[in-house]
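S.K.: Data: data-v1.cif, mmCIF, C-alpha atoms.
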```cif
data_input
loop_
_atom_site.label_atom_id
_atom_site.label_comp_id
_atom_site.auth_asym_id
_atom_site.auth_seq_id
_atom_site.Cartn_x
_atom_site.Cartn_y
_atom_site.Cartn_z
CA MET R 28 -40.12 38.16 50.13
CA ARG R 29 -37.29 39.31 52.33
CA SER R 30 -39.10 42.54 53.37
CA MET R 31 -42.14 40.55 54.53
CA HIS R 32 -39.97 38.35 56.75
CA PHE R 33 -38.38 41.35 58.34
CA MET R 34 -41.79 43.02 58.94
CA ARG R 35 -43.25 40.10 60.84
CA PRO R 36 -40.74 40.17 63.74
CA ALA R 37 -41.20 43.95 63.99
CA ARG R 38 -44.97 43.54 64.34
CA TRP R 39 -44.53 40.96 67.07
CA PHE R 40 -42.13 43.26 68.88
CA PHE R 41 -44.51 46.26 68.94
CA ALA R 42 -47.43 44.02 69.94
CA ALA R 43 -45.40 42.68 72.81
CA VAL R 44 -44.42 46.18 73.91
CA LEU R 45 -48.07 47.30 73.83
CA LEU R 46 -49.09 44.19 75.72
CA GLY R 47 -46.43 44.81 78.31
CA ALA R 48 -47.51 48.44 78.64
CA GLN R 49 -51.04 47.31 79.34
CA LEU R 50 -50.04 44.55 81.77
CA VAL R 51 -47.60 46.53 83.86
CA PRO R 52 -50.08 49.07 85.35
CA ALA R 53 -52.71 46.43 85.93
CA GLN R 54 -50.37 44.19 87.84
CA ALA R 55 -48.40 46.92 89.59
CA ALA R 56 -50.26 46.26 92.73
CA ILE R 57 -49.66 42.57 92.54
CA PHE R 58 -46.01 42.25 91.35
CA GLU R 59 -43.11 44.07 92.68
CA ASP R 60 -40.90 46.22 90.52
CA GLY R 61 -38.24 43.46 90.22
CA GLU R 62 -40.71 40.99 88.91
CA ALA R 63 -42.01 43.50 86.39
CA ARG R 64 -38.53 44.21 85.11
CA ARG R 65 -37.86 40.47 84.92
CA ALA R 66 -41.03 39.92 82.91
CA ILE R 67 -40.08 42.74 80.55
CA LEU R 68 -36.60 41.25 80.06
CA GLU R 69 -38.03 37.82 79.34
CA LEU R 70 -40.41 39.40 76.85
CA ARG R 71 -37.54 41.21 75.16
CA GLN R 72 -35.51 37.99 74.97
CA ARG R 73 -38.44 36.29 73.30
CA VAL R 74 -38.71 39.13 70.80
CA ASP R 75 -34.92 38.88 70.15
CA VAL R 76 -35.26 35.13 69.59
CA ILE R 77 -38.11 35.74 67.17
CA GLN R 78 -36.10 38.41 65.33
CA GLN R 79 -33.04 36.15 65.14
CA SER R 80 -35.20 33.30 63.89
CA GLY R 81 -36.61 35.55 61.19
CA GLN R 82 -33.14 36.73 60.26
CA ARG R 83 -31.91 33.13 60.04
CA SER R 84 -34.85 32.26 57.80
CA ALA R 85 -34.09 35.21 55.53
CA ASP R 86 -30.39 34.23 55.40
CA GLU R 87 -31.27 30.62 54.62
CA MET R 88 -33.59 31.68 51.82
CA ARG R 89 -30.91 34.00 50.44
CA ARG R 90 -28.35 31.22 50.54
CA ALA R 91 -30.84 28.83 48.95
CA SER R 92 -31.50 31.38 46.22
CA GLU R 93 -27.78 31.83 45.67
CA ASP R 94 -27.26 28.07 45.65
CA GLY R 95 -30.07 27.72 43.11
CA THR R 96 -28.51 30.39 40.91
CA GLN R 97 -25.12 28.68 41.15
CA LEU R 98 -26.73 25.32 40.36
CA ARG R 99 -28.41 26.77 37.30
CA ARG R 100 -25.10 28.20 36.17
CA SER R 101 -23.41 24.85 36.73
CA LEU R 102 -26.14 23.10 34.74
CA LEU R 103 -25.75 25.59 31.90
CA ASP R 104 -21.97 25.09 31.94
CA LEU R 105 -22.46 21.33 31.95
CA GLN R 106 -24.88 21.54 29.04
CA THR R 107 -22.43 23.73 27.14
CA GLN R 108 -19.67 21.20 27.78
CA ILE R 109 -21.93 18.38 26.63
CA GLU R 110 -22.73 20.22 23.40
CA THR R 111 -19.05 20.94 22.87
CA LEU R 112 -18.25 17.25 23.37
CA ARG R 113 -20.96 16.29 20.89
CA VAL R 114 -19.47 18.61 18.29
CA GLU R 115 -15.98 17.23 18.96
CA MET R 116 -17.26 13.65 18.72
CA ALA R 117 -18.93 14.46 15.40
CA LYS R 118 -15.65 15.91 14.14
CA LEU R 119 -13.76 12.86 15.37
CA ARG R 120 -16.22 10.53 13.66
CA GLY R 121 -15.76 12.46 10.44
CA GLN R 122 -11.99 12.33 10.79
CA ASN R 123 -12.15 8.62 11.60
CA GLU R 124 -14.22 7.94 8.49
CA GLN R 125 -11.78 9.94 6.40
CA LEU R 126 -8.83 8.06 7.91
CA MET R 127 -10.52 4.72 7.23
CA GLN R 128 -11.08 5.75 3.64
CA GLU R 129 -7.47 6.87 3.30
CA VAL R 130 -6.26 3.60 4.83
CA SER R 131 -8.45 1.67 2.39
CA GLU R 132 -7.07 3.66 -0.52
CA LEU R 133 -3.52 3.11 0.74
CA GLN R 134 -4.08 -0.64 1.06
CA ARG R 135 -5.53 -0.79 -2.45
CA HIS R 136 -2.59 1.23 -3.75
CA GLN R 137 -0.15 -1.10 -2.00
CA LYS R 138 -1.86 -4.12 -3.54
CA ASP R 139 -1.64 -2.53 -6.98
CA MET R 140 2.02 -1.75 -6.40
CA ALA R 141 2.71 -5.29 -5.21
CA ARG R 142 0.91 -6.67 -8.26
CA GLY R 143 2.92 -4.38 -10.51
CA VAL R 144 6.17 -5.40 -8.82
CA ASP R 145 5.29 -9.08 -9.25
CA GLU R 146 4.57 -8.52 -12.92
CA ARG R 147 7.86 -6.67 -13.40
CA LEU R 148 9.74 -9.38 -11.53
CA ARG R 149 8.17 -12.03 -13.71
CA GLN R 150 9.58 -10.18 -16.70
CA PHE R 151 13.05 -10.93 -15.35
CA GLU R 152 12.42 -14.46 -14.13
CA PRO R 153 13.84 -17.24 -16.31
CA VAL R 154 11.32 -19.12 -18.44
CA LYS R 155 11.44 -22.64 -19.71
CA VAL R 156 11.90 -22.84 -23.49
CA SER R 157 12.29 -25.62 -26.02
CA VAL R 158 14.29 -25.02 -29.20
CA ASP R 159 15.51 -27.62 -31.69
CA GLY R 160 14.72 -30.43 -29.27
CA LEU R 161 16.52 -28.85 -26.30
CA GLU R 162 14.81 -27.60 -23.14
CA PHE R 163 16.49 -24.99 -20.96
CA GLN R 164 15.91 -21.88 -18.86
CA ALA R 165 16.24 -18.49 -20.53
CA ASP R 166 15.77 -14.91 -19.46
CA PRO R 167 12.76 -13.18 -21.02
CA ASP R 168 15.01 -10.63 -22.76
CA GLU R 169 17.15 -13.45 -24.07
CA GLN R 170 14.10 -15.21 -25.48
CA ARG R 171 12.77 -12.02 -27.07
CA SER R 172 16.13 -11.27 -28.68
CA PHE R 173 16.41 -14.71 -30.25
CA ASP R 174 12.82 -14.73 -31.48
CA ALA R 175 13.19 -11.25 -32.99
CA ALA R 176 16.34 -12.26 -34.87
CA LEU R 177 14.73 -15.45 -36.17
CA THR R 178 11.66 -13.48 -37.28
CA ARG R 179 13.87 -11.19 -39.39
CA PHE R 180 15.53 -14.20 -41.01
CA ARG R 181 12.20 -15.81 -41.88
CA GLU R 182 11.01 -12.50 -43.34
CA GLY R 183 14.01 -12.60 -45.69
CA LYS R 184 15.66 -9.62 -43.98
CA PHE R 185 19.06 -11.31 -43.99
CA PRO R 186 21.30 -8.32 -43.23
CA GLU R 187 19.13 -7.41 -40.24
CA ALA R 188 19.02 -11.06 -39.16
CA GLU R 189 22.82 -11.31 -39.36
CA THR R 190 23.20 -8.19 -37.22
CA ALA R 191 20.65 -9.42 -34.68
CA PHE R 192 22.14 -12.93 -34.36
CA SER R 193 25.69 -11.55 -34.13
CA ALA R 194 24.59 -9.31 -31.25
CA PHE R 195 22.85 -12.25 -29.58
CA VAL R 196 25.95 -14.47 -29.73
CA ARG R 197 28.08 -11.73 -28.17
CA GLN R 198 25.55 -10.88 -25.46
CA TYR R 199 24.61 -14.44 -24.46
CA PRO R 200 27.73 -16.62 -24.88
CA ARG R 201 26.41 -19.23 -22.39
CA SER R 202 22.85 -19.31 -23.65
CA GLY R 203 21.00 -22.53 -24.39
CA TYR R 204 20.04 -20.83 -27.66
CA LEU R 205 23.68 -20.54 -28.71
CA PRO R 206 23.93 -23.59 -31.05
CA SER R 207 20.71 -22.60 -32.82
CA ALA R 208 21.79 -18.96 -32.92
CA ARG R 209 25.09 -19.91 -34.57
CA PHE R 210 23.25 -22.06 -37.11
CA TRP R 211 20.90 -19.23 -38.14
CA LEU R 212 23.69 -16.67 -38.08
CA GLY R 213 25.66 -18.86 -40.47
CA ASN R 214 22.64 -19.17 -42.76
CA ALA R 215 22.09 -15.38 -42.72
CA GLN R 216 25.76 -14.88 -43.62
CA TYR R 217 25.44 -17.48 -46.38
CA ALA R 218 22.42 -15.59 -47.75
CA ASN R 219 24.49 -12.39 -47.62
CA ARG R 220 27.31 -14.26 -49.48
CA ASP R 221 29.63 -13.91 -46.53
CA TYR R 222 30.76 -17.52 -46.93
CA LYS R 223 33.92 -17.50 -44.85
CA GLU R 224 32.17 -16.04 -41.84
CA ALA R 225 29.35 -18.54 -42.31
CA ILE R 226 31.84 -21.43 -42.33
CA GLY R 227 33.25 -20.14 -39.03
CA GLN R 228 29.82 -20.17 -37.36
CA PHE R 229 28.93 -23.66 -38.61
CA LYS R 230 32.28 -25.06 -37.47
CA SER R 231 31.78 -23.49 -34.02
CA LEU R 232 28.43 -25.25 -33.77
CA LEU R 233 29.97 -28.62 -34.70
CA ALA R 234 32.84 -28.11 -32.24
CA THR R 235 30.67 -27.15 -29.24
CA ALA R 236 27.52 -29.20 -29.91
CA PRO R 237 28.30 -32.08 -32.31
CA SER R 238 25.17 -33.97 -31.28
CA HIS R 239 22.86 -31.01 -31.82
CA VAL R 240 19.93 -31.62 -34.13
CA ARG R 241 21.21 -28.86 -36.44
CA ALA R 242 24.76 -30.33 -36.63
CA PRO R 243 24.23 -32.40 -39.84
CA GLU R 244 22.71 -29.35 -41.57
CA ALA R 245 25.62 -27.23 -40.37
CA ALA R 246 28.07 -29.70 -41.94
CA LEU R 247 26.14 -29.63 -45.22
CA SER R 248 26.10 -25.81 -45.12
CA ILE R 249 29.89 -25.77 -44.71
CA ALA R 250 30.18 -27.84 -47.87
CA ASN R 251 27.82 -25.47 -49.70
CA CYS R 252 29.95 -22.48 -48.66
CA GLN R 253 33.12 -24.27 -49.87
CA ILE R 254 31.46 -24.99 -53.19
CA GLU R 255 30.58 -21.29 -53.57
CA LEU R 256 34.22 -20.47 -52.77
CA LYS R 257 35.39 -23.01 -55.40
CA GLU R 258 37.03 -25.12 -52.70
CA THR R 259 36.01 -28.41 -54.31
CA ARG R 260 38.48 -30.61 -52.47
CA GLY R 261 37.49 -29.18 -49.10
CA ALA R 262 33.78 -29.51 -49.94
CA ARG R 263 34.25 -33.18 -50.92
CA LYS R 264 35.95 -33.97 -47.61
CA THR R 265 33.25 -32.14 -45.62
CA LEU R 266 30.54 -34.16 -47.35
CA GLU R 267 32.34 -37.44 -46.77
CA ASP R 268 32.74 -36.60 -43.07
CA LEU R 269 29.05 -35.80 -42.91
CA LEU R 270 28.13 -39.21 -44.35
CA ARG R 271 30.45 -40.91 -41.89
CA VAL R 272 29.35 -39.05 -38.74
CA TYR R 273 25.64 -38.55 -39.52
CA PRO R 274 24.77 -41.39 -41.92
CA GLN R 275 21.09 -41.55 -40.93
CA SER R 276 20.37 -37.84 -41.18
CA GLU R 277 18.39 -36.12 -43.90
CA ALA R 278 21.48 -34.02 -44.61
CA ALA R 279 23.35 -37.24 -45.51
CA ALA R 280 21.02 -37.84 -48.48
CA ALA R 281 21.74 -34.34 -49.78
CA ALA R 282 25.45 -34.91 -49.20
CA LYS R 283 25.40 -38.00 -51.47
CA GLU R 284 23.74 -36.02 -54.25
CA ARG R 285 26.31 -33.23 -54.02
CA LEU R 286 29.22 -35.69 -53.97
CA SER R 287 27.94 -37.26 -57.16
CA ARG R 288 27.99 -33.86 -58.85
CA LEU R 289 31.49 -33.03 -57.61
CA LYS R 290 33.03 -36.07 -59.32
#
```
Please rewrite the model in this file as structure tokens.

M.R.:
Amino acid sequence: MRSMHFMRPARWFFAAVLLGAQLVPAQAAIFEDGEARRAILELRQRVDVIQQSGQRSADEMRRASEDGTQLRRSLLDLQTQIETLRVEMAKLRGQNEQLMQEVSELQRHQKDMARGVDERLRQFEPVKVSVDGLEFQADPDEQRSFDAALTRFREGKFPEAETAFSAFVRQYPRSGYLPSARFWLGNAQYANRDYKEAIGQFKSLLATAPSHVRAPEAALSIANCQIELKETRGARKTLEDLLRVYPQSEAAAAAKERLSRLK
């Protein structure tokens, strides 16, 4: 394309020269030499203008071609950037989904941990219990220890029951179970023929909780221990005190029967 544009001005130039060559002799008689030279100069100026115009057109087309090439490169770069952004966005979406899943798992784990902590805390929270007509608050471990000791006694495992109740009394000296624990400890010791120790537990119950529901039975058990120890006088006085302090109790009826046999 560029060669054709350069050829056209050249053709016009040669045609003009030929035309001038033909016109000059024909008009030599008419125009003077100055006018001929002026005409030739004007013709040359026109040819120069035409050549310059052709050159400008060629330069403009070259620049347009270069601009088009640069534009295509820019478009390709832009497309490449767009594709790169799409890939990055896809990666980010994948990472976001993974993060959401991890957050969900973490929240579920935290809920499970909180639930587990609540359950463990409840194991240490005091519970309301009712034993021998008394209601009080007790630690879960305290409740389990008492129940385990009482279970051994009811199974007839008196040595184990004595050991368990002795440990309970030492570990929980302020427990609401204490009067009942002393009562069953005394009975386990009685079953193990440890009468003196049994008397000590029953007397401790009467001294600290004289109005306890087990108090009349504790007094009767003291008398039974004294009878086993051949302490007849002491047993008689214990039974008489029982009848005086707890006359309406079931233990009082048994005390009357034992007094009748001691006479």

S.K.: Suppose you want the space between CA of Val240 (chain R) and CA of Gly183 (chain R); what is it in Å?

M.R.: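 Atom-to-atom, CA of Val240 (chain R) to CA of Gly183 (chain R), that is 23.0 Å.
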
S.K.: Quick one: residues within 12 Å of Thr265 (chain R), only C-alpha atoms counted, chain neighbours fewer than 4 positions away excluded, as a CSV table (one decimal) with C-alpha atoms, keeping the file's coordinate frame?

M.R.:
```csv
chain,number,residue,atom,x,y,z
R,226,ILE,CA,31.8,-21.4,-42.3
R,229,PHE,CA,28.9,-23.7,-38.6
R,230,LYS,CA,32.3,-25.1,-37.5
R,233,LEU,CA,30.0,-28.6,-34.7
R,243,PRO,CA,24.2,-32.4,-39.8
R,244,GLU,CA,22.7,-29.4,-41.6
R,245,ALA,CA,25.6,-27.2,-40.4
R,246,ALA,CA,28.1,-29.7,-41.9
R,247,LEU,CA,26.1,-29.6,-45.2
R,248,SER,CA,26.1,-25.8,-45.1
R,249,ILE,CA,29.9,-25.8,-44.7
R,250,ALA,CA,30.2,-27.8,-47.9
R,251,ASN,CA,27.8,-25.5,-49.7
R,252,CYS,CA,30.0,-22.5,-48.7
R,253,GLN,CA,33.1,-24.3,-49.9
R,254,ILE,CA,31.5,-25.0,-53.2
R,258,GLU,CA,37.0,-25.1,-52.7
R,259,THR,CA,36.0,-28.4,-54.3
R,260,ARG,CA,38.5,-30.6,-52.5
R,261,GLY,CA,37.5,-29.2,-49.1
R,269,LEU,CA,29.0,-35.8,-42.9
R,270,LEU,CA,28.1,-39.2,-44.4
R,271,ARG,CA,30.4,-40.9,-41.9
R,272,VAL,CA,29.4,-39.0,-38.7
R,273,TYR,CA,25.6,-38.6,-39.5
R,278,ALA,CA,21.5,-34.0,-44.6
R,279,ALA,CA,23.4,-37.2,-45.5
R,282,ALA,CA,25.4,-34.9,-49.2
R,283,LYS,CA,25.4,-38.0,-51.5
R,285,ARG,CA,26.3,-33.2,-54.0
R,286,LEU,CA,29.2,-35.7,-54.0
```

S.K.: Could you please determine the separation between CA of Gly160 (chain R) and CA of Thr235 (chain R) in Å, to one decimal place?

M.R.: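 Interatomic distance, CA of Gly160 (chain R) to CA of Thr235 (chain R): 16.3 Å.
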
S.K.: Record the distance separating CA of Ala242 (chain R) and CA of Val154 (chain R), expressed in Å with one decimal.

M.R.: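 Computed distance, CA of Ala242 (chain R) to CA of Val154 (chain R), equals 25.2 Å.
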
S.K.: When you count only C-alpha atoms, which of these residues is closest to Tyr222 (chain R): R:Leu112, R:Glu255, R:Ala280, R:Gln122?

M.R.: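 Comparing R:Leu112, R:Glu255, R:Ala280, R:Gln122 against Tyr222 (chain R), the winner is R:Glu255.
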
S.K.: Any chance you could resolve the PyMOL selection byres ((chain R and resi 217-219) around 9) against this file and give the residues as an mmCIF file with C-alpha atoms, keeping the file's coordinate frame?

M.R.:
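Now in out.cif:
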```cif
data_model
loop_
_atom_site.group_PDB
_atom_site.id
_atom_site.type_symbol
_atom_site.label_atom_id
_atom_site.label_comp_id
_atom_site.auth_asym_id
_atom_site.auth_seq_id
_atom_site.Cartn_x
_atom_site.Cartn_y
_atom_site.Cartn_z
ATOM 1 C CA PHE R 185 19.060 -11.310 -43.990
ATOM 2 C CA PRO R 186 21.300 -8.320 -43.230
ATOM 3 C CA GLU R 189 22.820 -11.310 -39.360
ATOM 4 C CA LEU R 212 23.690 -16.670 -38.080
ATOM 5 C CA GLY R 213 25.660 -18.860 -40.470
ATOM 6 C CA ASN R 214 22.640 -19.170 -42.760
ATOM 7 C CA ALA R 215 22.090 -15.380 -42.720
ATOM 8 C CA GLN R 216 25.760 -14.880 -43.620
ATOM 9 C CA ARG R 220 27.310 -14.260 -49.480
ATOM 10 C CA ASP R 221 29.630 -13.910 -46.530
ATOM 11 C CA TYR R 222 30.760 -17.520 -46.930
ATOM 12 C CA LYS R 223 33.920 -17.500 -44.850
ATOM 13 C CA GLU R 224 32.170 -16.040 -41.840
ATOM 14 C CA ALA R 225 29.350 -18.540 -42.310
ATOM 15 C CA ILE R 226 31.840 -21.430 -42.330
ATOM 16 C CA SER R 248 26.100 -25.810 -45.120
ATOM 17 C CA ASN R 251 27.820 -25.470 -49.700
ATOM 18 C CA CYS R 252 29.950 -22.480 -48.660
#
```

S.K.: Compile the contact shell of region 169-178 of chain R as a PyMOL selection string: residues with an atom at most 6 Å away, counting only C-alpha atoms, same-chain residues fewer than 6 positions apart removed.

M.R.: chain R and resi 188+191-192
